[in-house]
$ cat protein03.csv   # CSV, C-alpha atoms
chain,number,residue,atom,x,y,z
A,1,MET,CA,5.2,-9.2,-23.9
A,2,TRP,CA,3.8,-11.0,-20.8
A,3,ARG,CA,5.9,-14.1,-21.4
A,4,SER,CA,9.1,-12.1,-21.4
A,5,THR,CA,11.0,-11.1,-18.3
A,6,VAL,CA,11.2,-7.5,-19.4
A,7,GLY,CA,7.4,-7.5,-20.0
A,8,LYS,CA,6.6,-8.9,-16.5
A,9,LYS,CA,8.9,-6.2,-15.0
A,10,ALA,CA,7.1,-3.5,-17.0
A,11,VAL,CA,3.7,-4.8,-15.7
A,12,MET,CA,5.0,-4.7,-12.2
A,13,ALA,CA,6.3,-1.2,-12.7
A,14,VAL,CA,3.0,0.2,-14.1
A,15,THR,CA,0.7,-1.6,-11.6
A,16,GLY,CA,3.0,-0.5,-8.8
A,17,LEU,CA,2.7,3.1,-9.9
A,18,VAL,CA,-1.1,2.7,-10.0
A,19,MET,CA,-1.1,1.4,-6.5
A,20,LEU,CA,1.3,4.2,-5.4
A,21,ALA,CA,-1.1,6.9,-6.8
A,22,TYR,CA,-4.0,5.3,-4.8
A,23,LEU,CA,-1.9,5.1,-1.6
A,24,ALA,CA,-1.0,8.8,-1.9
A,25,ALA,CA,-4.7,9.8,-2.3
A,26,HIS,CA,-5.7,7.4,0.5
A,27,MET,CA,-3.1,8.9,2.9
A,28,PHE,CA,-4.3,12.4,2.2
A,29,GLY,CA,-7.8,11.3,2.9
A,30,ASN,CA,-6.8,9.6,6.1
A,31,LEU,CA,-5.2,12.8,7.4
A,32,LYS,CA,-8.6,14.5,7.4
A,33,ILE,CA,-9.2,12.6,10.6
A,34,PHE,CA,-7.1,15.3,12.4
A,35,PHE,CA,-9.9,17.8,11.5
A,36,GLY,CA,-12.5,16.0,13.6
A,37,PRO,CA,-15.3,13.5,13.1
A,38,GLY,CA,-17.5,15.9,11.0
A,39,GLU,CA,-14.8,16.5,8.4
A,40,PHE,CA,-13.7,12.9,8.2
A,41,ASN,CA,-17.2,11.4,8.1
A,42,HIS,CA,-18.2,13.9,5.4
A,43,TYR,CA,-15.1,12.9,3.4
A,44,ALA,CA,-16.0,9.2,3.7
A,45,HIS,CA,-19.6,10.0,2.5
A,46,TRP,CA,-18.2,12.1,-0.4
A,47,LEU,CA,-16.2,9.1,-1.7
A,48,ARG,CA,-19.5,7.2,-2.2
A,49,VAL,CA,-21.2,9.9,-4.2
A,50,ILE,CA,-18.4,10.9,-6.5
A,51,GLY,CA,-19.7,11.2,-10.1
A,52,GLU,CA,-23.4,11.6,-9.2
A,53,PRO,CA,-25.8,11.8,-11.0
A,54,ALA,CA,-23.8,10.3,-13.9
A,55,LEU,CA,-22.7,7.5,-11.6
A,56,HIS,CA,-24.9,5.8,-9.0
A,57,TYR,CA,-24.1,5.6,-5.3
A,58,GLU,CA,-20.7,3.9,-4.7
A,59,TRP,CA,-20.1,3.2,-8.4
A,60,PHE,CA,-16.9,5.3,-8.4
A,61,LEU,CA,-15.6,3.3,-5.4
A,62,TRP,CA,-16.3,0.0,-7.1
A,63,LEU,CA,-14.5,1.2,-10.3
A,64,VAL,CA,-11.5,2.1,-8.1
A,65,ARG,CA,-11.7,-1.3,-6.3
A,66,VAL,CA,-11.8,-3.2,-9.6
A,67,ALA,CA,-8.8,-1.3,-10.9
A,68,LEU,CA,-6.9,-2.0,-7.6
A,69,VAL,CA,-7.7,-5.7,-7.6
A,70,ALA,CA,-6.6,-6.0,-11.2
A,71,SER,CA,-3.3,-4.1,-10.4
A,72,VAL,CA,-2.7,-6.2,-7.2
A,73,VAL,CA,-3.3,-9.5,-9.1
A,74,LEU,CA,-1.1,-8.6,-12.0
A,75,HIS,CA,1.6,-7.3,-9.7
A,76,GLY,CA,1.5,-10.4,-7.5
A,77,VAL,CA,1.5,-12.9,-10.4
A,78,ALA,CA,4.3,-11.1,-12.2
A,79,ALA,CA,6.4,-11.0,-9.0
A,80,TYR,CA,5.8,-14.7,-8.3
A,81,GLN,CA,6.6,-15.7,-11.8
A,82,LEU,CA,9.8,-13.6,-11.9
A,83,SER,CA,10.8,-15.1,-8.5
A,84,ARG,CA,10.4,-18.6,-9.9
A,85,ARG,CA,12.4,-17.7,-13.0
A,86,ASP,CA,15.1,-16.3,-10.8
A,87,LEU,CA,15.3,-19.4,-8.7
A,88,ALA,CA,15.3,-21.7,-11.7
A,89,ALA,CA,18.2,-19.7,-13.2
A,90,ARG,CA,20.1,-19.8,-10.0
A,91,PRO,CA,19.0,-22.8,-7.9
A,92,ARG,CA,22.0,-22.5,-5.5
A,93,LYS,CA,22.5,-19.3,-3.4
A,94,TYR,CA,25.4,-17.1,-4.0
A,95,ALA,CA,28.4,-17.8,-1.7
A,96,ARG,CA,28.5,-14.1,-0.8
A,97,ARG,CA,25.5,-11.7,-0.6
A,98,ARG,CA,25.7,-8.8,-3.1
A,99,GLN,CA,27.2,-5.8,-1.5
A,100,GLY,CA,24.7,-3.4,-3.1
A,101,ALA,CA,21.6,-5.3,-1.9
A,102,SER,CA,19.8,-3.2,0.7
A,103,TYR,CA,17.5,-4.5,3.5
A,104,ALA,CA,14.5,-3.5,1.4
A,105,THR,CA,15.8,-5.4,-1.6
A,106,ARG,CA,16.3,-8.6,0.3
A,107,THR,CA,12.9,-8.4,1.9
A,108,MET,CA,10.7,-7.3,-1.0
A,109,ARG,CA,9.1,-10.7,-1.4
A,110,TRP,CA,8.2,-11.1,2.3
A,111,GLY,CA,7.2,-7.4,2.4
A,112,GLY,CA,4.7,-8.2,-0.4
A,113,VAL,CA,3.3,-11.1,1.5
A,114,ILE,CA,2.9,-9.0,4.7
A,115,LEU,CA,1.1,-6.3,2.8
A,116,GLY,CA,-1.2,-8.8,1.1
A,117,LEU,CA,-2.2,-10.3,4.5
A,118,PHE,CA,-2.6,-6.7,5.9
A,119,VAL,CA,-5.0,-5.8,3.1
A,120,VAL,CA,-7.3,-8.7,4.0
A,121,TRP,CA,-7.2,-7.6,7.7
A,122,HIS,CA,-7.8,-4.0,6.8
A,123,ILE,CA,-10.9,-4.8,4.8
A,124,LEU,CA,-12.3,-7.0,7.6
A,125,ASP,CA,-11.4,-4.3,10.1
A,126,LEU,CA,-12.6,-1.0,8.5
A,127,THR,CA,-14.7,-2.0,5.5
A,128,THR,CA,-16.8,-4.9,6.5
A,129,LEU,CA,-16.2,-4.2,10.3
A,130,THR,CA,-16.0,-8.0,10.9
A,131,VAL,CA,-13.1,-7.9,13.3
A,132,ASN,CA,-13.7,-4.4,14.7
A,133,GLU,CA,-15.6,-5.3,17.9
A,134,ARG,CA,-16.6,-1.7,18.7
A,135,ALA,CA,-17.5,-0.6,15.2
A,136,GLU,CA,-20.5,1.6,14.4
A,137,PRO,CA,-21.8,1.1,10.9
A,138,GLY,CA,-21.9,4.5,9.1
A,139,HIS,CA,-19.4,6.2,11.5
A,140,PRO,CA,-16.0,5.9,9.9
A,141,TYR,CA,-14.3,8.3,12.3
A,142,GLN,CA,-15.5,6.3,15.4
A,143,ASN,CA,-14.5,3.0,13.7
A,144,VAL,CA,-10.9,4.3,13.1
A,145,VAL,CA,-10.6,5.4,16.8
A,146,ALA,CA,-12.1,2.1,17.9
A,147,THR,CA,-9.5,0.0,16.0
A,148,PHE,CA,-6.5,2.1,17.1
A,149,SER,CA,-7.7,2.0,20.7
A,150,THR,CA,-6.5,-1.7,20.8
A,151,TRP,CA,-2.9,-2.8,21.1
A,152,TYR,CA,-3.3,-5.4,18.3
A,153,GLY,CA,-4.9,-2.9,15.9
A,154,ASN,CA,-2.0,-0.5,16.3
A,155,THR,CA,0.7,-3.2,16.1
A,156,ILE,CA,-0.7,-4.8,12.9
A,157,TYR,CA,-1.1,-1.4,11.2
A,158,ILE,CA,2.2,0.1,12.2
A,159,VAL,CA,4.2,-3.1,11.2
A,160,ALA,CA,2.4,-3.2,7.9
A,161,MET,CA,3.1,0.5,7.2
A,162,LEU,CA,6.8,0.0,8.0
A,163,ALA,CA,6.8,-2.9,5.5
A,164,LEU,CA,5.0,-0.6,3.0
A,165,GLY,CA,7.7,2.1,3.4
A,166,ALA,CA,10.4,-0.4,2.7
A,167,HIS,CA,8.5,-1.9,-0.3
A,168,ILE,CA,7.8,1.6,-1.8
A,169,ARG,CA,11.4,2.7,-1.4
A,170,HIS,CA,12.8,-0.2,-3.4
A,171,GLY,CA,9.8,-0.7,-5.7
A,172,LEU,CA,9.6,2.9,-6.8
A,173,TRP,CA,13.3,3.0,-7.6
A,174,SER,CA,13.0,-0.3,-9.5
A,175,ALA,CA,9.9,1.0,-11.5
A,176,ILE,CA,11.9,4.1,-12.5
A,177,GLN,CA,14.7,1.9,-13.8
A,178,THR,CA,12.4,-0.5,-15.6
A,179,LEU,CA,10.5,2.2,-17.4
A,180,GLY,CA,13.8,3.8,-18.6
A,181,ALA,CA,13.6,7.0,-16.6
A,182,GLY,CA,16.8,6.4,-14.7
A,183,ARG,CA,20.1,8.0,-15.9
A,184,PRO,CA,23.5,7.8,-14.3
A,185,HIS,CA,23.7,11.5,-13.6
A,186,ARG,CA,20.4,11.6,-11.7
A,187,ASP,CA,20.3,8.2,-10.0
A,188,ARG,CA,21.3,9.7,-6.7
A,189,ALA,CA,18.5,12.2,-6.8
A,190,LEU,CA,16.0,9.5,-7.9
A,191,LYS,CA,17.1,7.3,-5.0
A,192,ILE,CA,16.6,10.2,-2.5
A,193,ALA,CA,13.2,10.9,-4.1
A,194,SER,CA,12.1,7.3,-3.7
A,195,THR,CA,13.2,7.3,-0.1
A,196,ALA,CA,11.4,10.5,0.6
A,197,VAL,CA,8.1,9.2,-1.0
A,198,ALA,CA,8.4,6.1,1.1
A,199,VAL,CA,9.0,8.0,4.3
A,200,VAL,CA,6.2,10.5,3.7
A,201,LEU,CA,3.6,7.8,2.8
A,202,ALA,CA,4.5,5.5,5.7
A,203,GLY,CA,4.8,8.4,8.1
A,204,GLY,CA,1.4,9.8,7.0
A,205,PHE,CA,-0.3,6.5,7.5
A,206,ILE,CA,1.4,5.8,10.9
A,207,SER,CA,0.4,9.3,12.1
A,208,VAL,CA,-3.2,8.2,12.4
A,209,PRO,CA,-2.7,5.4,15.0
A,210,ILE,CA,-0.2,7.6,16.8
A,211,GLY,CA,-2.8,10.4,16.9
A,212,VAL,CA,-5.3,8.0,18.5
A,213,MET,CA,-2.8,6.6,21.0
A,214,THR,CA,-1.7,10.1,22.1
A,215,GLY,CA,-5.2,11.4,22.4
A,216,VAL,CA,-4.9,14.0,19.6
A,217,VAL,CA,-7.6,12.0,17.8
A,218,SER,CA,-10.3,10.8,20.2

$ encode --input "protein03.csv" --output "structure tokens"
Amino acid sequence: MWRSTVGKKAVMAVTGLVMLAYLAAHMFGNLKIFFGPGEFNHYAHWLRVIGEPALHYEWFLWLVRVALVASVVLHGVAAYQLSRRDLAARPRKYARRRQGASYATRTMRWGGVILGLFVVWHILDLTTLTVNERAEPGHPYQNVVATFSTWYGNTIYIVAMLALGAHIRHGLWSAIQTLGAGRPHRDRALKIASTAVAVVLAGGFISVPIGVMTGVVS
């Protein structure tokens, strides 16, 4: 299955949906920042004690991290190998660009690279606090405010979230088709749904830095 093109596309679809589910949960968690430091810091602490006493401190988080890393690696490897097959099958570019190819379709590969680099930055910024100069260990709310009080923190985050929206819009639609859920009579509705999911997720994430910039979150 893995060696076939269809198999690789199926792996990309499933791992993409796993990451999409995580992003939705992550976005809703991020929006707790609008309820104040007490609510947000309590939520951040709760994530570390999920499953206790059956699970030890942060075990649930590490299980999620392992699943995400596996999904990202499988997704990235499958995308790279499919891209190489595509280039090998058509080493010369088409004389005319396909009319149906959207901006998101043409930039999926670069969007994936941008998001990969952003994940590294995001971990260094808000997990290890390596690049967050005004970070306070153990104070997630204050650390978010600190990073979005800088022009580069806002720029990096907002650009990455716009790339995420474009990636989700095309990726979710592709996953639906790959997994056989698409039908001619409902394609239009599914395309609208994919766009709506992309807008809601990207908008939800971007609302946090905007909240800090406008003083709503301080």

$ residues_around --input "protein03.csv" --residues "stretch 57-73 of chain A" --least-positions-apart "4" --cutoff "8 Å" --atoms "only C-alpha atoms" --output "list in words"
Thr15, Gly16, Val18, Met19, Leu47, Arg48, Val49, Ile50, Gly51, Glu52 and Val77 of chain A

$ write_last_selection --input "protein03.csv" --atoms "C-alpha atoms" --output "mmCIF file, in the frame of the given file"
data_model
loop_
_atom_site.group_PDB
_atom_site.id
_atom_site.type_symbol
_atom_site.label_atom_id
_atom_site.label_comp_id
_atom_site.auth_asym_id
_atom_site.auth_seq_id
_atom_site.Cartn_x
_atom_site.Cartn_y
_atom_site.Cartn_z
ATOM 1 C CA THR A 15 0.700 -1.600 -11.600
ATOM 2 C CA GLY A 16 3.000 -0.500 -8.800
ATOM 3 C CA VAL A 18 -1.100 2.700 -10.000
ATOM 4 C CA MET A 19 -1.100 1.400 -6.500
ATOM 5 C CA LEU A 47 -16.200 9.100 -1.700
ATOM 6 C CA ARG A 48 -19.500 7.200 -2.200
ATOM 7 C CA VAL A 49 -21.200 9.900 -4.200
ATOM 8 C CA ILE A 50 -18.400 10.900 -6.500
ATOM 9 C CA GLY A 51 -19.700 11.200 -10.100
ATOM 10 C CA GLU A 52 -23.400 11.600 -9.200
ATOM 11 C CA VAL A 77 1.500 -12.900 -10.400
#

$ closest_residue --input "protein03.csv" --among "A:Val212, A:Phe205, A:Arg188, A:His122" --to "A:Gln142" --atoms "all atoms listed in the file"
A:Val212

$ closest_residue --input "protein03.csv" --among "A:Tyr141, A:Tyr157, A:Trp173, A:Phe40" --to "A:Ile192" --atoms "all atoms listed in the file"
A:Trp173

$ residues_around --input "protein03.csv" --residues "A:Ala202" --least-positions-apart "6" --cutoff "9 Å" --atoms "all atoms listed in the file" --output "compact mmCIF listing (two decimals) with C-alpha atoms, keeping the file's coordinate frame"
# COMPACT_ATOMS: atom_id res chain seq x y z
CA MET A 27 -3.10 8.90 2.90
CA ILE A 158 2.20 0.10 12.20
CA MET A 161 3.10 0.50 7.20
CA LEU A 162 6.80 0.00 8.00
CA ALA A 163 6.80 -2.90 5.50
CA LEU A 164 5.00 -0.60 3.00
CA GLY A 165 7.70 2.10 3.40
CA ALA A 166 10.40 -0.40 2.70

$ closest_residue --input "protein03.csv" --among "A:Leu126, A:Ala193, A:Leu87, A:Met108" --to "A:Val145" --atoms "all atoms listed in the file"
A:Leu126

$ atom_distance --input "protein03.csv" --atom1 "atom CA of A:Ala78" --atom2 "atom CA of A:Gly112"
12.2 Å
